[in-house]
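Listing of structure_24.cif; format and content: mmCIF, C-alpha atoms.
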```
data_work
#
loop_
_atom_site.label_atom_id
_atom_site.label_comp_id
_atom_site.auth_asym_id
_atom_site.auth_seq_id
_atom_site.Cartn_x
_atom_site.Cartn_y
_atom_site.Cartn_z
CA MET A 1 98.99 93.50 143.39
CA LYS A 2 99.87 89.80 143.40
CA ASP A 3 97.33 89.27 146.21
CA THR A 4 94.62 90.90 144.07
CA LEU A 5 95.54 88.84 141.01
CA ARG A 6 95.55 85.67 143.11
CA TRP A 7 92.07 86.54 144.46
CA LEU A 8 90.84 87.07 140.89
CA GLY A 9 92.23 83.67 139.95
CA VAL A 10 90.64 81.82 142.86
CA HIS A 11 87.19 83.41 142.81
CA ILE A 12 86.53 84.55 139.22
CA ALA A 13 88.94 83.69 136.43
CA GLY A 14 89.90 80.20 137.62
CA PRO A 15 86.29 78.93 137.94
CA ALA A 16 85.43 80.48 134.58
CA LEU A 17 88.35 78.74 132.85
CA ASP A 18 87.50 75.44 134.54
CA ARG A 19 83.89 75.71 133.35
CA LEU A 20 85.16 76.32 129.80
CA GLY A 21 87.66 73.46 129.98
CA LEU A 22 90.62 75.85 129.76
CA GLY A 23 92.11 75.31 133.21
CA ARG A 24 94.85 72.91 132.20
CA ASN A 25 98.31 73.78 130.94
CA PRO A 26 98.30 73.84 127.12
CA HIS A 27 100.57 71.43 125.30
CA PRO A 28 103.70 72.99 123.76
CA GLY A 29 102.86 74.44 120.37
CA GLU A 30 99.11 74.13 120.97
CA PRO A 31 97.27 77.30 119.81
CA LEU A 32 95.60 79.15 122.64
CA PRO A 33 91.82 79.67 122.48
CA ARG A 34 90.19 83.10 122.34
CA LEU A 35 88.33 84.39 125.37
CA TRP A 36 86.20 87.52 125.78
CA TRP A 37 85.65 89.16 129.15
CA GLY A 38 82.63 91.40 129.76
CA PRO A 39 83.21 92.72 133.30
CA THR A 40 81.02 95.35 134.94
CA GLU A 41 81.32 97.76 137.88
CA VAL A 42 84.63 97.58 139.73
CA LEU A 43 85.71 94.42 137.88
CA SER A 44 86.08 96.51 134.72
CA LEU A 45 89.10 98.16 136.37
CA LEU A 46 90.90 94.88 137.01
CA PRO A 47 93.05 92.83 134.60
CA LEU A 48 91.20 89.51 134.41
CA HIS A 49 93.66 88.30 131.77
CA ALA A 50 96.39 88.61 134.41
CA ALA A 51 94.58 86.68 137.15
CA LEU A 52 97.04 84.37 138.90
CA LEU A 53 95.90 80.76 138.60
CA ASP A 54 98.36 78.69 140.62
CA GLN A 55 101.43 78.83 142.78
CA ASP A 56 103.66 78.06 139.79
CA GLY A 57 103.01 81.53 138.43
CA ALA A 58 100.58 80.75 135.60
CA TYR A 59 98.25 83.54 134.57
CA VAL A 60 95.11 83.56 132.43
CA GLN A 61 97.46 85.02 129.80
CA ASP A 62 99.09 81.56 129.65
CA ARG A 63 95.78 79.77 129.00
CA ALA A 64 93.93 81.98 126.50
CA VAL A 65 94.14 85.04 124.26
CA SER A 66 91.93 87.51 126.11
CA SER A 67 89.89 90.44 124.87
CA TYR A 68 87.42 92.73 126.61
CA ILE A 69 84.03 94.00 125.49
CA PRO A 70 82.04 96.96 126.86
CA THR A 71 78.78 95.20 125.95
CA LEU A 72 77.78 92.01 124.15
CA GLY A 73 76.11 94.14 121.49
CA SER A 74 79.41 95.88 120.70
CA LEU A 75 81.06 92.50 120.07
CA LEU A 76 78.25 91.34 117.80
CA HIS A 77 78.35 94.60 115.87
CA ALA A 78 82.14 94.44 115.43
CA ARG A 79 81.90 90.85 114.19
CA SER A 80 79.24 91.81 111.65
CA ARG A 81 81.52 94.33 109.94
CA PRO A 82 84.13 93.15 107.44
CA ALA A 83 87.67 94.38 107.84
CA PRO A 84 88.80 96.91 105.20
CA SER A 85 90.98 95.51 102.45
CA PRO A 86 94.74 95.91 103.06
CA ASP A 87 95.15 98.14 100.01
CA ARG A 88 92.83 100.67 101.65
CA ALA A 89 94.71 100.78 104.96
CA SER A 90 95.89 104.17 106.15
CA LEU A 91 97.52 105.17 109.42
CA LEU A 92 97.12 108.35 111.47
CA THR A 93 99.82 108.93 114.09
CA VAL A 94 99.19 111.53 116.79
CA ALA A 95 101.84 112.52 119.35
CA VAL A 96 101.34 115.29 121.90
CA ASP A 97 103.50 116.23 124.85
CA ALA A 98 101.12 117.92 127.28
CA ALA A 99 103.85 119.24 129.59
CA GLY A 100 102.30 122.70 129.41
CA GLN A 101 99.07 121.39 130.94
CA ALA A 102 100.59 120.56 134.34
CA TYR A 103 101.18 116.94 133.33
CA PRO A 104 104.58 115.24 133.20
CA ARG A 105 106.52 115.18 129.97
CA LEU A 106 106.33 112.16 127.67
CA PRO A 107 109.99 111.47 126.88
CA ALA A 108 109.29 108.44 124.67
CA LEU A 109 107.20 110.23 122.03
CA ASP A 110 109.92 110.05 119.38
CA ASP A 111 110.04 106.27 119.82
CA GLU A 112 106.25 106.12 119.62
CA LEU A 113 106.35 107.79 116.19
CA THR A 114 108.43 104.97 114.76
CA ALA A 115 106.55 102.14 116.49
CA ALA A 116 104.13 101.66 113.60
CA SER A 117 106.78 101.62 110.88
CA HIS A 118 105.64 98.13 109.79
CA MET A 119 102.17 99.38 108.86
CA PRO A 120 101.55 99.56 105.10
CA GLY A 121 99.52 102.21 103.30
CA ARG A 122 99.05 105.97 103.41
CA ARG A 123 100.22 107.80 106.52
CA GLN A 124 99.62 111.12 108.23
CA ARG A 125 101.28 112.57 111.31
CA LEU A 126 99.93 115.21 113.66
CA LEU A 127 102.59 116.33 116.11
CA ASP A 128 102.26 118.59 119.15
CA THR A 129 100.74 121.94 118.04
CA GLU A 130 99.30 120.33 114.87
CA ALA A 131 97.31 117.86 116.94
CA THR A 132 94.37 120.02 117.97
CA PRO A 133 91.08 118.29 118.82
CA ASP A 134 89.46 119.44 115.55
CA ALA A 135 92.46 118.35 113.46
CA VAL A 136 92.59 114.92 115.10
CA LEU A 137 88.85 114.34 114.66
CA ALA A 138 89.04 115.36 111.01
CA ALA A 139 91.98 113.01 110.40
CA LEU A 140 90.30 110.10 112.19
CA ARG A 141 87.47 110.32 109.66
CA THR A 142 89.83 109.60 106.75
CA HIS A 143 92.05 106.81 108.14
CA THR A 144 91.44 103.16 108.94
CA HIS A 145 94.12 102.91 111.65
CA ALA A 146 95.12 105.37 114.37
CA HIS A 147 97.94 105.49 116.91
CA LEU A 148 97.54 108.18 119.57
CA ALA A 149 100.36 108.87 122.01
CA CYS A 150 99.35 111.46 124.57
CA HIS A 151 98.07 111.89 128.10
CA GLY A 152 94.77 110.30 129.03
CA VAL A 153 92.55 111.43 131.89
CA ARG A 154 89.87 109.29 133.53
CA ASP A 155 86.91 110.96 135.25
CA PRO A 156 85.38 108.27 137.52
CA GLY A 157 82.32 110.30 138.48
CA ASP A 158 81.55 111.60 135.00
CA PRO A 159 83.02 109.09 132.52
CA SER A 160 81.64 111.02 129.51
CA HIS A 161 84.24 113.65 130.41
CA SER A 162 87.16 111.19 130.35
CA ARG A 163 89.46 112.51 127.69
CA LEU A 164 92.69 112.63 125.71
CA LEU A 165 94.82 115.75 126.14
CA LEU A 166 95.69 117.27 122.78
CA SER A 167 97.19 120.56 121.67
CA GLY A 168 95.11 123.49 122.87
CA GLY A 169 92.28 121.34 124.15
CA GLU A 170 90.81 117.94 124.88
CA LEU A 171 89.07 115.17 122.98
CA THR A 172 86.39 113.84 125.30
CA LEU A 173 84.57 110.56 125.33
CA ARG A 174 81.32 112.43 124.63
CA GLU A 175 82.75 114.00 121.45
CA LEU A 176 84.14 110.68 120.22
CA ALA A 177 80.84 108.90 120.81
CA THR A 178 79.01 111.23 118.39
CA GLU A 179 81.27 110.26 115.48
CA ARG A 180 80.43 107.45 113.03
CA LEU A 181 83.48 106.10 111.19
CA PRO A 182 82.41 103.23 108.92
CA ASN A 183 85.94 102.48 107.66
CA ALA A 184 87.67 102.53 111.05
CA GLU A 185 89.54 99.33 111.90
CA PHE A 186 92.22 99.61 114.60
CA ALA A 187 93.08 102.24 117.21
CA TYR A 188 96.10 101.99 119.49
CA LEU A 189 95.65 104.36 122.44
CA SER A 190 99.05 104.84 124.02
CA ALA A 191 97.49 106.94 126.77
CA CYS A 192 97.21 106.21 130.47
CA HIS A 193 93.78 105.11 131.77
CA SER A 194 92.33 105.06 128.23
CA ALA A 195 90.61 101.72 128.88
CA ALA A 196 89.66 102.42 132.51
CA ALA A 197 85.92 102.77 133.01
CA GLY A 198 83.97 105.24 135.10
CA GLU A 199 81.52 104.47 137.88
CA GLU A 200 78.34 105.88 136.35
CA LEU A 201 76.70 102.74 134.96
CA ALA A 202 76.82 99.33 136.57
CA ASP A 203 76.16 97.19 133.50
CA GLU A 204 78.28 98.93 130.86
CA VAL A 205 81.94 99.91 130.50
CA ILE A 206 82.32 103.59 129.61
CA SER A 207 85.87 104.60 128.74
CA VAL A 208 87.81 106.40 126.01
CA ALA A 209 88.59 103.00 124.47
CA SER A 210 84.91 102.00 124.42
CA ALA A 211 84.08 105.36 122.78
CA PHE A 212 86.51 104.52 119.97
CA GLN A 213 84.66 101.25 119.52
CA LEU A 214 81.31 103.00 119.57
CA CYS A 215 82.33 105.41 116.84
CA GLY A 216 83.46 102.58 114.57
CA TYR A 217 86.81 101.01 115.42
CA ARG A 218 86.52 97.21 115.43
CA HIS A 219 89.72 96.77 117.43
CA VAL A 220 91.07 99.04 120.17
CA VAL A 221 94.14 98.70 122.37
CA GLY A 222 94.13 100.81 125.53
CA SER A 223 95.49 100.92 129.05
CA LEU A 224 93.81 100.33 132.42
CA TRP A 225 96.40 102.38 134.32
CA THR A 226 99.64 104.29 133.88
CA VAL A 227 102.12 102.76 131.45
CA GLN A 228 105.83 103.17 132.07
CA ASP A 229 107.28 105.58 129.48
CA ALA A 230 110.09 103.29 128.36
CA MET A 231 107.79 100.28 128.01
CA GLY A 232 105.19 101.96 125.79
CA PRO A 233 107.22 102.07 122.55
CA VAL A 234 108.68 98.60 123.17
CA LEU A 235 105.22 97.08 123.40
CA ALA A 236 103.83 99.11 120.48
CA ARG A 237 106.67 98.08 118.17
CA ALA A 238 106.06 94.43 119.01
CA VAL A 239 102.31 94.76 118.40
CA TYR A 240 102.75 96.32 114.96
CA ARG A 241 105.49 93.85 114.03
CA ASN A 242 103.18 90.96 114.92
CA LEU A 243 100.30 92.55 113.01
CA ALA A 244 102.45 92.71 109.89
CA ALA A 245 103.85 89.17 110.25
CA PRO A 246 102.78 86.64 107.58
CA ASP A 247 101.27 84.43 110.28
CA GLY A 248 99.55 87.34 112.01
CA ARG A 249 96.03 86.56 113.22
CA GLY A 250 94.78 90.02 114.08
CA PRO A 251 95.21 92.61 116.84
CA ALA A 252 94.26 90.38 119.79
CA TYR A 253 96.94 87.83 118.90
CA ALA A 254 99.41 90.59 118.06
CA LEU A 255 99.03 92.09 121.52
CA HIS A 256 99.14 88.68 123.20
CA ARG A 257 102.40 87.79 121.47
CA ALA A 258 103.84 91.22 122.25
CA VAL A 259 103.02 90.79 125.95
CA ALA A 260 104.65 87.35 125.91
CA GLU A 261 107.79 88.98 124.53
CA LEU A 262 107.65 91.61 127.28
CA ARG A 263 107.26 88.96 129.96
CA ALA A 264 110.32 87.18 128.62
CA HIS A 265 112.22 90.45 129.03
CA GLY A 266 113.52 90.65 132.59
CA ASP A 267 112.69 94.34 133.01
CA TYR A 268 108.96 93.95 132.35
CA ASP A 269 108.00 90.51 133.66
CA ASP A 270 105.97 91.92 136.56
CA PRO A 271 102.22 92.20 135.79
CA LEU A 272 102.32 95.77 137.07
CA PHE A 273 103.88 96.53 133.66
CA TRP A 274 102.36 94.12 131.13
CA ALA A 275 98.85 93.63 132.53
CA SER A 276 97.69 97.20 132.02
CA VAL A 277 97.37 97.09 128.21
CA ILE A 278 94.26 95.31 126.90
CA HIS A 279 92.53 94.56 123.59
CA SER A 280 88.86 95.23 122.95
CA GLY A 281 87.08 93.84 119.93
CA PRO A 282 86.28 90.68 117.98
#
```

I'd like the structure from this file rewritten - as structure tokens, please.
Amino acid sequence: MKDTLRWLGVHIAGPALDRLGLGRNPHPGEPLPRLWWGPTEVLSLLPLHAALLDQDGAYVQDRAVSSYIPTLGSLLHARSRPAPSPDRASLLTVAVDAAGQAYPRLPALDDELTAASHMPGRRQRLLDTEATPDAVLAALRTHTHAHLACHGVRDPGDPSHSRLLLSGGELTLRELATERLPNAEFAYLSACHSAAAGEELADEVISVASAFQLCGYRHVVGSLWTVQDAMGPVLARAVYRNLAAPDGRGPAYALHRAVAELRAHGDYDDPLFWASVIHSGP
């Protein structure tokens, strides 16, 4: 993996940062700039924010706060929408252990349920058998924030069939894309491969995460590959804590700071762990 990240740094991310004047080491305490990546084709499966820039171990993560966009139009649309007022915030938490569907158990679900304890506002939980596809869709329509902890499945050949495994069925990308949720703000998809694109279109990223953006969520956090069970709740707690902090600057910064905390933790300093989770949005 380090060889791949080093190749990304030499041939793609490094030249881009140099062109933008972001190649140097930031001064201590200097705020990092924001950077949006719009990769296509196979590049959409690779963590550009984790490209290795030099032999000293600096990553793009150390130079800028990165986000990803499925299309430029999606970024412009998200920027044109105001965020809902804090007094209207409401959180939906979904947790499903799909062990009965020939997938491994999710032992960290209980920790996932408490990860968003810093979020203010009205809350609703849908757990295991309650979390049917119809129930989850209905609840998404009435909440501004959503945290979904379940299995995710990527279908490379037919990305519209990429899906989240819920109780008694699936929530597919195609079904999500037909929804229009004008009050949706932030979705945290604690599901493997939720941000991994298919191979159907060359100039557009099609994933479960991009479907959440298409149906209305301005900010989406998802994963490019499998996330270690124990790490998922640790990262989620840090993201929500940073979101609720007085100096919080939004989901992109909240995730960036959470990843920095993970990297400082000896168990998760390898990019195989921290580089998989990405932010999409303005």

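For the set A:Ala258, A:Leu272, A:Val227, A:Ala78, the residue with the smallest atom-to-atom gap to Pro182 (chain A) is A:Ala78, counting all atoms listed in the file.
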
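Applied to this file, the PyMOL selection byres ((chain A and resi 69) around 7) selects the residues A:Trp36, A:Trp37, A:Gly38, A:Ser67, A:Tyr68, A:Pro70, A:Thr71, A:Leu72, A:Ser74, A:Leu75, A:Ser280, A:Gly281.
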
- Task: Please write as a count of residues only the full residue list that the PyMOL selection byres ((chain A and resi 188) around 8) yields on this file.
- Result: 10

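Proximity ranking of A:Pro282, A:Pro26, A:Gly232, A:Gly121 relative to His77 (chain A) places A:Pro282 first, based on all atoms listed in the file.
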
- Message: Using all atoms listed in the file, which protein or nucleic acid residues come within 12 Å of region 158-164 of chain A? Drop anything in the same chain fewer than 6 positions from it, and give the result as a ChimeraX atom specification.
- Response: /A:94-98,131-133,136-137,148-152,170-178,189-201,204-212,222

Edge lengths and centre in Å to one decimal, as lines of an AutoDock Vina configuration file, is what I'm after for the box along x, y and z that holds all listed atoms of region 255-263 of chain A once 4 Å is added on each side.
```
center_x = 103.4
center_y = 89.7
center_z = 125.7
size_x = 16.8
size_y = 12.7
size_z = 16.5
```

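What separates CA of Arg154 (chain A) from CA of Trp225 (chain A) is a distance of 9.5 Å.
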
- Query: When you draw a straight line from CA of Ile278 (chain A) to CA of Ser223 (chain A), how long is it in Å?
  - Reply: 6.1 Å

- Expand the PyMOL selection byres ((chain A and resi 254) around 12) into the individual residues it matches in the shown file, reporting them as a VMD selection string. chain A and resid 65 to 67 188 219 221 235 to 253 255 to 261 278 to 279

- The residue from A:Pro31, A:Pro47, A:Gly216, A:Gly14 with the smallest atom-to-atom distance to Phe273 (chain A), counting all atoms listed in the file, is A:Pro47
